[in-house]
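With CSV, C-alpha atoms inside, this is structure_23.csv:
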chain,number,residue,atom,x,y,z
A,378,MET,CA,265.4,-30.2,67.9
A,379,LYS,CA,263.4,-31.9,65.2
A,380,ILE,CA,262.7,-35.7,65.0
A,381,GLU,CA,261.2,-37.2,61.8
A,382,ASN,CA,260.2,-40.9,61.7
A,383,GLN,CA,260.3,-41.9,58.1
A,384,GLY,CA,259.5,-45.6,58.3
A,385,GLU,CA,262.9,-47.4,58.7
A,386,CYS,CA,264.8,-44.1,59.2
A,387,VAL,CA,264.7,-41.8,62.2
A,388,SER,CA,266.1,-38.4,61.4
A,389,VAL,CA,267.2,-36.0,64.1
A,390,SER,CA,268.2,-32.5,63.2
A,391,GLU,CA,268.2,-28.9,64.3
A,392,ILE,CA,270.4,-29.7,67.4
A,393,LEU,CA,272.0,-26.4,68.4
A,394,GLU,CA,274.0,-27.9,71.3
A,395,LEU,CA,274.2,-31.1,73.3
A,396,THR,CA,275.1,-30.4,76.9
A,397,ALA,CA,274.1,-31.3,80.4
A,398,ALA,CA,271.1,-29.0,79.9
A,399,ASN,CA,269.5,-31.0,77.1
A,400,SER,CA,271.3,-34.3,76.5
A,401,ALA,CA,269.0,-36.5,78.7
A,402,HIS,CA,266.0,-35.0,76.8
A,403,PHE,CA,267.7,-35.6,73.5
A,404,ARG,CA,268.6,-39.2,74.4
A,405,ASP,CA,265.1,-40.0,75.7
A,406,GLU,CA,263.3,-38.4,72.7
A,407,VAL,CA,265.3,-40.3,70.1
A,408,ARG,CA,264.9,-43.6,72.0
A,409,SER,CA,261.2,-43.1,72.2
A,410,ALA,CA,261.1,-42.4,68.4
A,411,LEU,CA,262.5,-45.8,67.7
A,412,SER,CA,260.1,-48.5,66.5
A,413,ASP,CA,260.5,-52.2,65.6
A,414,SER,CA,260.9,-51.2,62.0
A,415,SER,CA,263.7,-48.6,62.6
A,416,SER,CA,266.9,-49.7,61.0
A,417,LEU,CA,268.7,-46.4,60.6
A,418,ILE,CA,269.1,-43.4,62.9
A,419,GLU,CA,270.6,-40.3,61.3
A,420,ILE,CA,271.7,-37.5,63.6
A,421,ASN,CA,272.4,-34.4,61.7
A,422,LEU,CA,275.0,-32.4,63.6
A,423,SER,CA,275.5,-29.7,61.0
A,424,GLN,CA,273.9,-27.1,63.3
A,425,THR,CA,275.5,-28.4,66.5
A,426,ARG,CA,277.9,-25.7,67.6
A,427,PHE,CA,278.7,-27.0,71.1
A,428,MET,CA,278.9,-30.4,72.7
A,429,ASP,CA,280.3,-31.5,76.1
A,430,SER,CA,280.8,-34.8,77.8
A,431,SER,CA,277.0,-35.0,78.6
A,432,GLY,CA,276.3,-34.7,74.9
A,433,LEU,CA,278.9,-37.4,74.2
A,434,GLY,CA,277.3,-39.5,76.9
A,435,ALA,CA,273.9,-39.2,75.2
A,436,LEU,CA,275.4,-40.3,71.8
A,437,PHE,CA,277.1,-43.2,73.5
A,438,ALA,CA,273.7,-44.2,75.1
A,439,LEU,CA,272.1,-44.2,71.7
A,440,TYR,CA,275.1,-46.2,70.3
A,441,ARG,CA,274.4,-48.8,73.0
A,442,ALA,CA,270.7,-48.8,72.3
A,443,THR,CA,271.3,-49.5,68.6
A,444,ALA,CA,274.0,-52.1,69.4
A,445,GLU,CA,271.3,-54.0,71.3
A,446,ARG,CA,269.1,-54.1,68.1
A,447,ASP,CA,270.7,-56.2,65.4
A,448,GLY,CA,271.3,-54.4,62.2
A,449,VAL,CA,270.4,-50.9,63.3
A,450,VAL,CA,272.8,-48.3,62.1
A,451,LEU,CA,273.6,-45.0,63.9
A,452,ARG,CA,274.9,-42.4,61.5
A,453,LEU,CA,276.2,-38.9,62.3
A,454,LEU,CA,275.8,-36.4,59.5
A,455,ASN,CA,278.0,-33.4,58.8
A,456,PRO,CA,279.5,-32.6,62.1
A,457,ILE,CA,281.4,-29.3,62.1
A,458,PRO,CA,285.2,-29.7,62.5
A,459,GLU,CA,285.2,-28.8,66.2
A,460,ILE,CA,282.6,-31.5,67.0
A,461,GLU,CA,284.6,-34.0,64.9
A,462,GLN,CA,287.7,-33.1,66.9
A,463,LEU,CA,285.8,-33.8,70.1
A,464,LEU,CA,284.7,-37.2,68.8
A,465,GLU,CA,288.3,-37.9,67.8
A,466,LEU,CA,289.7,-36.8,71.1
A,467,THR,CA,287.4,-39.2,73.0
A,468,GLN,CA,287.9,-41.9,70.3
A,469,MET,CA,284.2,-42.0,69.8
A,470,GLN,CA,284.5,-41.5,66.1
A,471,GLN,CA,285.3,-45.3,66.0
A,472,LEU,CA,281.8,-46.1,67.2
A,473,PHE,CA,279.8,-44.1,64.6
A,474,GLU,CA,279.5,-44.0,60.9
A,475,ILE,CA,280.3,-40.3,60.2
A,476,VAL,CA,279.0,-39.1,56.8
A,477,ARG,CA,279.4,-35.8,55.0
A,478,ARG,CA,276.8,-34.8,52.4
B,952,MET,CA,331.7,-11.4,67.7
B,953,LYS,CA,328.2,-9.9,67.3
B,954,THR,CA,325.1,-11.1,65.7
B,955,LEU,CA,321.5,-9.9,65.2
B,956,LEU,CA,318.5,-12.1,65.9
B,957,ILE,CA,315.1,-11.0,64.5
B,958,CYS,CA,312.2,-12.5,66.3
B,959,PRO,CA,309.0,-13.2,64.4
B,960,SER,CA,306.0,-11.0,64.8
B,961,ARG,CA,302.5,-12.6,65.0
B,962,ARG,CA,301.7,-14.9,62.2
B,963,PRO,CA,298.1,-15.2,60.9
B,964,ALA,CA,298.7,-18.9,60.0
B,965,VAL,CA,299.3,-20.0,63.6
B,966,PRO,CA,297.0,-17.7,65.7
B,967,HIS,CA,296.7,-20.0,68.7
B,968,LEU,CA,300.4,-20.2,69.3
B,969,VAL,CA,300.4,-16.7,70.7
B,970,ALA,CA,298.7,-18.1,73.8
B,971,PHE,CA,302.2,-18.6,75.1
B,972,GLY,CA,303.3,-15.0,74.4
B,973,PRO,CA,305.6,-13.9,71.6
B,974,LEU,CA,306.3,-16.7,69.1
B,975,ALA,CA,310.0,-16.5,70.0
B,976,THR,CA,309.3,-17.8,73.4
B,977,THR,CA,306.9,-20.6,72.5
B,978,PRO,CA,308.0,-23.6,74.5
B,979,VAL,CA,309.7,-26.4,72.6
B,980,PHE,CA,311.5,-29.4,74.1
B,981,GLY,CA,311.6,-27.8,77.5
B,982,ASP,CA,313.0,-24.6,76.3
B,983,SER,CA,312.1,-22.0,73.7
B,984,VAL,CA,312.9,-21.3,70.1
B,985,ILE,CA,314.9,-18.2,71.0
B,986,CYS,CA,317.0,-20.0,73.6
B,987,TYR,CA,317.9,-22.7,71.2
B,988,TRP,CA,319.1,-20.0,68.8
B,989,ILE,CA,321.2,-18.2,71.3
B,990,GLU,CA,322.8,-21.4,72.4
B,991,HIS,CA,323.6,-22.2,68.7
B,992,LEU,CA,325.0,-18.7,68.1
B,993,ALA,CA,327.2,-18.9,71.2
B,994,ALA,CA,328.6,-22.2,69.9
B,995,LEU,CA,329.4,-20.5,66.7
B,996,GLY,CA,331.5,-17.9,68.6
B,997,ALA,CA,329.0,-15.1,69.2
B,998,ARG,CA,329.7,-13.1,72.3
B,999,GLU,CA,327.1,-10.4,71.8
B,1000,VAL,CA,323.6,-11.1,70.6
B,1001,GLN,CA,321.2,-8.2,69.8
B,1002,VAL,CA,317.6,-9.4,69.7
B,1003,VAL,CA,315.0,-7.4,67.7
B,1004,ALA,CA,311.6,-8.2,69.2
B,1005,PRO,CA,308.6,-6.8,67.3
B,1006,ASP,CA,306.2,-8.5,69.7
B,1007,GLY,CA,306.4,-8.9,73.5
B,1008,ALA,CA,309.9,-7.5,74.1
B,1009,ALA,CA,309.5,-7.7,77.8
B,1010,GLN,CA,308.6,-11.4,77.7
B,1011,VAL,CA,311.5,-12.1,75.3
B,1012,ARG,CA,313.8,-10.3,77.7
B,1013,ALA,CA,312.5,-12.4,80.6
B,1014,ALA,CA,313.1,-15.6,78.6
B,1015,VAL,CA,316.7,-14.9,77.7
B,1016,GLY,CA,317.9,-12.8,80.6
B,1017,ASP,CA,321.3,-11.2,80.1
B,1018,GLY,CA,322.6,-14.2,78.2
B,1019,ALA,CA,325.0,-15.3,81.0
B,1020,ARG,CA,323.5,-18.8,80.7
B,1021,TRP,CA,325.3,-19.1,77.4
B,1022,GLY,CA,328.3,-16.9,78.1
B,1023,VAL,CA,327.1,-14.2,75.8
B,1024,ARG,CA,325.8,-10.7,76.3
B,1025,VAL,CA,322.2,-10.4,75.1
B,1026,SER,CA,320.3,-7.1,74.6
B,1027,VAL,CA,316.6,-7.0,73.5
B,1028,VAL,CA,315.4,-4.1,71.4
B,1029,ALA,CA,311.6,-3.6,71.0
B,1030,ALA,CA,310.6,-2.9,67.3
B,1031,GLY,CA,307.3,-1.7,66.0
B,1032,VAL,CA,307.3,-4.2,63.1
B,1033,GLU,CA,309.5,-7.1,62.1
B,1034,PRO,CA,312.2,-5.6,59.9
B,1035,ALA,CA,313.1,-7.1,56.6
B,1036,MET,CA,316.6,-8.6,56.3
B,1037,ASP,CA,318.0,-5.7,54.2
B,1038,GLU,CA,316.4,-3.1,56.5
B,1039,ALA,CA,317.9,-4.8,59.5
B,1040,ALA,CA,321.3,-4.9,57.8
B,1041,LEU,CA,321.2,-1.2,57.0
B,1042,GLN,CA,320.0,-0.3,60.5
B,1043,TYR,CA,322.2,-2.6,62.6
B,1044,ASN,CA,325.2,-3.6,60.6
B,1045,PRO,CA,325.6,-1.1,57.7
B,1046,GLU,CA,329.4,-1.5,57.5
B,1047,LYS,CA,329.4,-5.3,57.6
B,1048,GLY,CA,332.0,-4.8,60.3
B,1049,PRO,CA,334.7,-7.3,61.2
B,1050,GLY,CA,333.4,-7.8,64.7
B,1051,TRP,CA,330.3,-9.6,63.4
B,1052,LEU,CA,329.8,-13.3,62.7
B,1053,PRO,CA,330.2,-14.1,59.0
B,1054,ALA,CA,327.0,-14.4,56.9
B,1055,PRO,CA,324.6,-15.9,57.1
B,1056,HIS,CA,325.0,-15.9,60.9
B,1057,ASP,CA,325.4,-12.1,61.2
B,1058,ILE,CA,321.7,-11.4,60.8
B,1059,ILE,CA,319.2,-14.2,61.4
B,1060,ARG,CA,315.5,-14.2,61.0
B,1061,MET,CA,314.1,-16.7,63.5
B,1062,SER,CA,311.6,-18.4,61.2
B,1063,HIS,CA,313.1,-21.9,61.7
B,1064,LEU,CA,315.2,-23.8,64.2
B,1065,PRO,CA,319.0,-23.5,64.0
B,1066,GLY,CA,320.5,-25.3,61.0
B,1067,ARG,CA,317.0,-26.3,59.7
B,1068,PRO,CA,316.1,-23.6,57.1
B,1069,ALA,CA,314.1,-26.1,55.1
B,1070,MET,CA,311.7,-26.6,58.0
B,1071,PRO,CA,309.8,-23.3,58.5
B,1072,LEU,CA,308.1,-22.9,61.9
B,1073,TYR,CA,305.3,-20.5,61.3
B,1074,ASP,CA,303.9,-21.1,57.9
B,1075,SER,CA,301.1,-23.3,59.2
B,1076,TYR,CA,300.4,-25.6,62.1
B,1077,ALA,CA,301.5,-28.5,59.9
B,1078,SER,CA,304.8,-26.8,59.3
B,1079,TRP,CA,305.2,-26.0,63.0
B,1080,PHE,CA,304.7,-29.7,63.9
B,1081,ALA,CA,306.9,-31.0,61.1
B,1082,ALA,CA,309.7,-28.6,62.2
B,1083,LEU,CA,309.4,-29.9,65.8
B,1084,VAL,CA,309.5,-33.6,64.8
B,1085,ASP,CA,312.5,-32.8,62.5
B,1086,TRP,CA,314.3,-31.1,65.5
B,1087,MET,CA,313.7,-33.9,67.9
B,1088,PRO,CA,317.1,-35.6,67.4
B,1089,PHE,CA,318.9,-32.3,67.8
B,1090,ALA,CA,316.9,-31.0,70.8
B,1091,ARG,CA,319.0,-32.7,73.4
B,1092,THR,CA,321.9,-30.3,73.1
B,1093,PRO,CA,325.0,-30.7,75.4
B,1094,SER,CA,323.6,-28.2,77.9
B,1095,ARG,CA,320.4,-30.1,78.3
B,1096,VAL,CA,321.4,-33.0,80.6
B,1097,ARG,CA,318.0,-33.6,82.1
B,1098,VAL,CA,316.9,-35.7,79.0
B,1099,LYS,CA,318.3,-39.0,78.0
B,1100,GLU,CA,317.8,-41.1,74.9
B,1101,GLU,CA,316.5,-44.2,76.6
B,1102,GLN,CA,316.2,-46.2,73.4
B,1103,PRO,CA,316.9,-45.2,69.8
B,1104,GLY,CA,314.5,-42.3,69.0
B,1105,ILE,CA,312.9,-42.2,72.5
B,1106,TRP,CA,314.0,-39.3,74.7
B,1107,VAL,CA,312.9,-39.2,78.3
B,1108,GLY,CA,313.4,-36.5,81.0
B,1109,SER,CA,315.4,-37.6,84.0
B,1110,ARG,CA,312.6,-36.7,86.4
B,1111,ALA,CA,309.8,-38.0,84.1
B,1112,ARG,CA,307.9,-41.0,85.4
B,1113,VAL,CA,306.8,-43.5,82.8
B,1114,SER,CA,304.9,-46.6,83.8
B,1115,PRO,CA,306.4,-49.8,82.6
B,1116,MET,CA,302.9,-50.6,81.4
B,1117,ALA,CA,302.9,-47.6,79.1
B,1118,LYS,CA,303.9,-48.0,75.4
B,1119,LEU,CA,306.5,-45.7,73.9
B,1120,VAL,CA,307.0,-45.7,70.1
B,1121,ALA,CA,309.9,-43.9,68.4
B,1122,PRO,CA,310.2,-41.2,67.7
B,1123,CYS,CA,308.9,-39.6,70.8
B,1124,TRP,CA,310.0,-37.0,73.4
B,1125,ILE,CA,308.9,-37.2,77.0
B,1126,GLY,CA,309.9,-34.0,78.7
B,1127,ASP,CA,311.1,-33.4,82.3
B,1128,GLN,CA,308.6,-34.2,85.1
B,1129,VAL,CA,306.1,-35.7,82.7
B,1130,PHE,CA,303.9,-38.5,84.1
B,1131,VAL,CA,302.8,-41.3,81.7
B,1132,GLU,CA,300.4,-43.6,83.3
B,1133,ALA,CA,299.9,-47.4,82.7
B,1134,GLY,CA,298.2,-48.2,79.5
B,1135,ALA,CA,299.0,-44.9,77.8
B,1136,GLU,CA,300.6,-44.9,74.3
B,1137,VAL,CA,303.0,-42.2,73.3
B,1138,GLY,CA,304.3,-42.0,69.7
B,1139,PRO,CA,305.2,-42.3,67.0
B,1140,GLY,CA,305.8,-38.6,66.3
B,1141,ALA,CA,304.8,-37.5,69.8
B,1142,ILE,CA,306.3,-34.6,71.9
B,1143,ILE,CA,305.2,-34.2,75.5
B,1144,GLU,CA,306.5,-31.0,77.0
B,1145,ASP,CA,307.6,-30.6,80.6
B,1146,ARG,CA,305.3,-31.4,83.6
B,1147,SER,CA,302.4,-32.7,81.5
B,1148,ILE,CA,300.4,-35.9,82.3
B,1149,VAL,CA,299.3,-38.5,79.9
B,1150,ALA,CA,296.6,-40.6,81.7
B,1151,GLY,CA,295.9,-44.2,81.4
B,1152,MET,CA,294.8,-45.6,78.0
B,1153,ALA,CA,295.3,-42.2,76.4
B,1154,ARG,CA,297.2,-42.0,73.1
B,1155,VAL,CA,299.4,-39.3,71.7
B,1156,THR,CA,300.4,-40.0,68.1
B,1157,GLN,CA,301.8,-37.4,65.6
B,1158,GLY,CA,301.0,-34.8,68.2
B,1159,TRP,CA,302.5,-32.2,70.5
B,1160,VAL,CA,301.3,-31.7,74.0
B,1161,GLY,CA,302.3,-28.4,75.5
B,1162,PRO,CA,303.7,-27.9,79.0
B,1163,ASP,CA,301.5,-28.4,82.1
B,1164,THR,CA,298.8,-30.1,80.2
B,1165,PHE,CA,296.5,-33.0,81.3
B,1166,VAL,CA,295.6,-35.5,78.6
B,1167,GLY,CA,292.7,-37.4,80.1
B,1168,PRO,CA,292.1,-41.1,80.4
B,1169,MET,CA,291.2,-42.9,77.1
B,1170,THR,CA,291.6,-39.7,75.1
B,1171,SER,CA,293.5,-39.5,71.8
B,1172,VAL,CA,295.6,-36.6,70.7
B,1173,ALA,CA,296.3,-37.5,67.1
B,1174,ASN,CA,297.6,-35.2,64.3
B,1175,SER,CA,297.0,-32.4,66.8
B,1176,LEU,CA,298.6,-29.8,69.0
B,1177,ALA,CA,297.2,-29.7,72.6
B,1178,TRP,CA,297.9,-27.3,75.4
B,1179,GLY,CA,295.7,-26.4,78.3
B,1180,CYS,CA,292.2,-27.0,77.0
B,1181,THR,CA,293.1,-26.0,73.4
B,1182,LEU,CA,293.2,-28.6,70.7
B,1183,VAL,CA,294.3,-27.7,67.2
B,1184,ASN,CA,294.3,-30.3,64.4
B,1185,TRP,CA,297.5,-29.5,62.5
B,1186,GLN,CA,296.1,-31.1,59.3
B,1187,THR,CA,292.9,-29.2,59.2
B,1188,ASP,CA,293.7,-26.1,61.3
B,1189,SER,CA,290.5,-26.7,63.2
B,1190,ALA,CA,290.7,-25.5,66.8
B,1191,LEU,CA,288.6,-26.6,69.7
B,1192,HIS,CA,288.4,-25.4,73.3
B,1193,VAL,CA,287.7,-28.7,75.1
B,1194,PRO,CA,284.8,-28.0,77.5
B,1195,ASP,CA,285.5,-30.8,80.0
B,1196,PRO,CA,288.7,-30.6,82.1
B,1197,PHE,CA,289.0,-34.3,82.6
B,1198,LEU,CA,289.4,-34.7,78.9
B,1199,LEU,CA,292.1,-32.1,78.3
B,1200,SER,CA,293.1,-29.2,80.5
B,1201,SER,CA,295.8,-27.1,82.0
B,1202,LEU,CA,297.4,-28.4,85.2
B,1203,THR,CA,298.5,-24.9,86.3
B,1204,LYS,CA,294.9,-24.4,87.6
B,1205,LEU,CA,295.3,-27.4,90.0
B,1206,LYS,CA,297.2,-25.4,92.7
B,1207,THR,CA,295.3,-26.6,95.8
B,1208,ALA,CA,294.3,-29.9,97.3
B,1209,GLU,CA,290.7,-28.8,97.1
B,1210,ALA,CA,290.9,-28.1,93.3
B,1211,THR,CA,292.7,-31.4,92.9
B,1212,ASP,CA,289.9,-33.2,94.9
B,1213,ARG,CA,287.3,-31.6,92.7
B,1214,PHE,CA,289.2,-32.7,89.6
B,1215,GLY,CA,289.4,-36.2,91.0
B,1216,ARG,CA,285.7,-36.3,91.6
B,1217,ALA,CA,285.0,-35.1,88.0
B,1218,LEU,CA,287.1,-38.0,86.8
B,1219,ALA,CA,285.3,-40.4,89.1
B,1220,ALA,CA,281.9,-39.1,88.1
B,1221,ASN,CA,282.7,-40.0,84.5
B,1222,GLY,CA,283.6,-43.5,85.6
B,1223,TRP,CA,287.3,-43.2,84.7
B,1224,THR,CA,289.1,-43.3,87.9
B,1225,GLY,CA,288.4,-46.8,89.4
B,1226,SER,CA,291.9,-48.1,88.6
B,1227,HIS,CA,293.4,-44.7,88.3
B,1228,SER,CA,294.5,-44.1,91.9
B,1229,HIS,CA,298.1,-43.5,90.6
B,1230,LEU,CA,296.8,-40.6,88.6
B,1231,ILE,CA,295.0,-39.1,91.6
B,1232,ASP,CA,298.1,-39.6,93.7
B,1233,GLU,CA,300.2,-37.9,91.1
B,1234,LEU,CA,297.9,-34.9,90.9
B,1235,HIS,CA,297.9,-34.6,94.7
B,1236,ALA,CA,301.7,-34.9,94.8
B,1237,ARG,CA,302.0,-32.0,92.4
B,1238,VAL,CA,299.9,-29.7,94.6
B,1239,GLY,CA,302.9,-29.4,96.9
B,1240,ASN,CA,305.1,-28.6,94.0
B,1241,ALA,CA,302.8,-26.2,92.3
B,1242,PRO,CA,304.3,-22.8,91.8
B,1243,GLY,CA,302.8,-19.9,93.7
Encoded form using structure tokens:
Amino acid sequence: MKIENQGECVSVSEILELTAANSAHFRDEVRSALSDSSSLIEINLSQTRFMDSSGLGALFALYRATAERDGVVLRLLNPIPEIEQLLELTQMQQLFEIVRR
Amino acid sequence: MKTLLICPSRRPAVPHLVAFGPLATTPVFGDSVICYWIEHLAALGAREVQVVAPDGAAQVRAAVGDGARWGVRVSVVAAGVEPAMDEAALQYNPEKGPGWLPAPHDIIRMSHLPGRPAMPLYDSYASWFAALVDWMPFARTPSRVRVKEEQPGIWVGSRARVSPMAKLVAPCWIGDQVFVEAGAEVGPGAIIEDRSIVAGMARVTQGWVGPDTFVGPMTSVANSLAWGCTLVNWQTDSALHVPDPFLLSSLTKLKTAEATDRFGRALAANGWTGSHSHLIDELHARVGNAPG
């Protein structure tokens, strides 16, 4: 996993999977990368081939963390169709801005 | 009167449907495509139905039996490939004999449901779903007394249990022994096959839920086909094997009280059972009814 802090934007990429094995680490690392100047978190899911409920839970925890900070946007980039299906099944696509580039 | 029924071979456009076995036996509205056809042909006067099965002849035979259910004699012939119509005519009815049903009912390719040739079943997942929704008003044939049209466009199996706090929107089909929990929303365009469970706050819209399938609390099956842990979006053809059973899974695996307890604990661990004791009760009640 790669985290880049570019001023207002925190970019997270190279996430191969989000499961019980790594979701707590993922959640904590992203949280700790946030600063007072962060206004956008972009999580690039283009390489994420597998996600389970632990991964969804980590995304939800980040959603709550951003909801507590006024004006901070959490954006999911380029999820593969299977991950998008999982987000739709759990109705979590309503929580995030999902962007394809 | 005789007739020939040609079953479809595997179709590359709908690869996941073969999870049920040959396409002819795929469950639809509590029955199968081939059973609907034989019933239709019997109503047209057929007394002898020869079935050509290019895929899974034994399973087709098991599904239709000897035809006594419809008052016809059924024989199933295994075929290496699905014959073209003209090949089938030459091979099975070369004389166009008087003992056969008149065309087009003498030789039938089972690529659609009876009387609905404009609605192909196997061209894509989208066409499969469209054909089922189109068939919904015709699915309750006279021999199927276990389903009632409770309200216009809402069919419910006689042994289904639907919470008065659930929302049903026409058109929708709730199969036999289905359980729809309080807060769930089914329809429009929803088909829930027999023995499935739609848990509290779940939604099924423009979707088909196969038999014995658990649709977990707060999930949404939209524009999709779901059976067991398989979820196929019929708009995009994307297919997902859902990793967590409390979201979407097969109920056939819950055959013991222990397995049901484990499942209940998984639901609780995800914070979704608190008020869902009816669901756990329903799961436990089914253990006693589980086959095998």
message = With all atoms listed in the file as the counted atoms, please give the residues lying no more than 8 Å from range 1017-1027 of chain B, apart from itself and same-chain residues fewer than 4 positions off, as a PyMOL selection string.
response = chain B and resi 989-990+993+997-1004+1008+1011-1012
inquiry  = At a cut-off of 8 Å, which residues of chain A touch chain B? Count all atoms listed in the file and give the answer as an NGL selection string.
reply    = :A and (428-430 or 458-459 or 462-463 or 465-468)
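Nearest to Ser388 in chain A of all the residues A:Gln471, A:Asn421, A:Ser431, A:Asn455 is A:Asn421, counting all atoms listed in the file.
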task = Tell me, as an MDAnalysis selection string, which residues lie within 9 Å of range 395-411 of chain A, counting only C-alpha atoms; anything in the same chain fewer than 2 positions away does not count.
result = chainID A and resid 378 380:382 386:389 392:393 413:416 418 425:436 438:439 442
Counting all atoms listed in the file, find residues at most 12 Å from (301.7, -30.8, 76.6) (file frame) and give them as a PDB file with C-alpha atoms, in the frame of the given file.
ATOM      1  CA  PRO B 978     308.000 -23.600  74.500  1.00  0.00           C
ATOM      2  CA  VAL B 979     309.700 -26.400  72.600  1.00  0.00           C
ATOM      3  CA  PHE B 980     311.500 -29.400  74.100  1.00  0.00           C
ATOM      4  CA  GLY B 981     311.600 -27.800  77.500  1.00  0.00           C
ATOM      5  CA  TRP B1124     310.000 -37.000  73.400  1.00  0.00           C
ATOM      6  CA  ILE B1125     308.900 -37.200  77.000  1.00  0.00           C
ATOM      7  CA  GLY B1126     309.900 -34.000  78.700  1.00  0.00           C
ATOM      8  CA  ASP B1127     311.100 -33.400  82.300  1.00  0.00           C
ATOM      9  CA  GLN B1128     308.600 -34.200  85.100  1.00  0.00           C
ATOM     10  CA  VAL B1129     306.100 -35.700  82.700  1.00  0.00           C
ATOM     11  CA  PHE B1130     303.900 -38.500  84.100  1.00  0.00           C
ATOM     12  CA  VAL B1131     302.800 -41.300  81.700  1.00  0.00           C
ATOM     13  CA  VAL B1137     303.000 -42.200  73.300  1.00  0.00           C
ATOM     14  CA  ALA B1141     304.800 -37.500  69.800  1.00  0.00           C
ATOM     15  CA  ILE B1142     306.300 -34.600  71.900  1.00  0.00           C
ATOM     16  CA  ILE B1143     305.200 -34.200  75.500  1.00  0.00           C
ATOM     17  CA  GLU B1144     306.500 -31.000  77.000  1.00  0.00           C
ATOM     18  CA  ASP B1145     307.600 -30.600  80.600  1.00  0.00           C
ATOM     19  CA  ARG B1146     305.300 -31.400  83.600  1.00  0.00           C
ATOM     20  CA  SER B1147     302.400 -32.700  81.500  1.00  0.00           C
ATOM     21  CA  ILE B1148     300.400 -35.900  82.300  1.00  0.00           C
ATOM     22  CA  VAL B1149     299.300 -38.500  79.900  1.00  0.00           C
ATOM     23  CA  VAL B1155     299.400 -39.300  71.700  1.00  0.00           C
ATOM     24  CA  GLY B1158     301.000 -34.800  68.200  1.00  0.00           C
ATOM     25  CA  TRP B1159     302.500 -32.200  70.500  1.00  0.00           C
ATOM     26  CA  VAL B1160     301.300 -31.700  74.000  1.00  0.00           C
ATOM     27  CA  GLY B1161     302.300 -28.400  75.500  1.00  0.00           C
ATOM     28  CA  PRO B1162     303.700 -27.900  79.000  1.00  0.00           C
ATOM     29  CA  ASP B1163     301.500 -28.400  82.100  1.00  0.00           C
ATOM     30  CA  THR B1164     298.800 -30.100  80.200  1.00  0.00           C
ATOM     31  CA  PHE B1165     296.500 -33.000  81.300  1.00  0.00           C
ATOM     32  CA  VAL B1166     295.600 -35.500  78.600  1.00  0.00           C
ATOM     33  CA  GLY B1167     292.700 -37.400  80.100  1.00  0.00           C
ATOM     34  CA  VAL B1172     295.600 -36.600  70.700  1.00  0.00           C
ATOM     35  CA  SER B1175     297.000 -32.400  66.800  1.00  0.00           C
ATOM     36  CA  LEU B1176     298.600 -29.800  69.000  1.00  0.00           C
ATOM     37  CA  ALA B1177     297.200 -29.700  72.600  1.00  0.00           C
ATOM     38  CA  TRP B1178     297.900 -27.300  75.400  1.00  0.00           C
ATOM     39  CA  GLY B1179     295.700 -26.400  78.300  1.00  0.00           C
ATOM     40  CA  CYS B1180     292.200 -27.000  77.000  1.00  0.00           C
ATOM     41  CA  THR B1181     293.100 -26.000  73.400  1.00  0.00           C
ATOM     42  CA  LEU B1182     293.200 -28.600  70.700  1.00  0.00           C
ATOM     43  CA  LEU B1199     292.100 -32.100  78.300  1.00  0.00           C
ATOM     44  CA  SER B1200     293.100 -29.200  80.500  1.00  0.00           C
ATOM     45  CA  SER B1201     295.800 -27.100  82.000  1.00  0.00           C
ATOM     46  CA  LEU B1202     297.400 -28.400  85.200  1.00  0.00           C
ATOM     47  CA  THR B1203     298.500 -24.900  86.300  1.00  0.00           C
TER      48      THR B1203
END
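The nearest approach to Thr954 in chain B among the residues B:Phe971, B:Trp1051, B:Phe1089, B:Tyr1043, with all atoms listed in the file taken into account, belongs to B:Trp1051.
Here CA of Lys379 in chain A is placed at a distance of 14.9 Å from CA of Leu453 in chain A.
Across the model, the gap from CA of Asp1074 in chain B to CA of Val965 in chain B is 7.4 Å.
Between CA of Leu974 in chain B and CA of Trp1086 in chain B the separation is 16.9 Å.
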remark   = In terms of all atoms listed in the file, the residue from B:Ser1062, B:Asn1044, B:Ser1094, B:Thr1211 at minimal distance from Lys953 in chain B is B:Asn1044
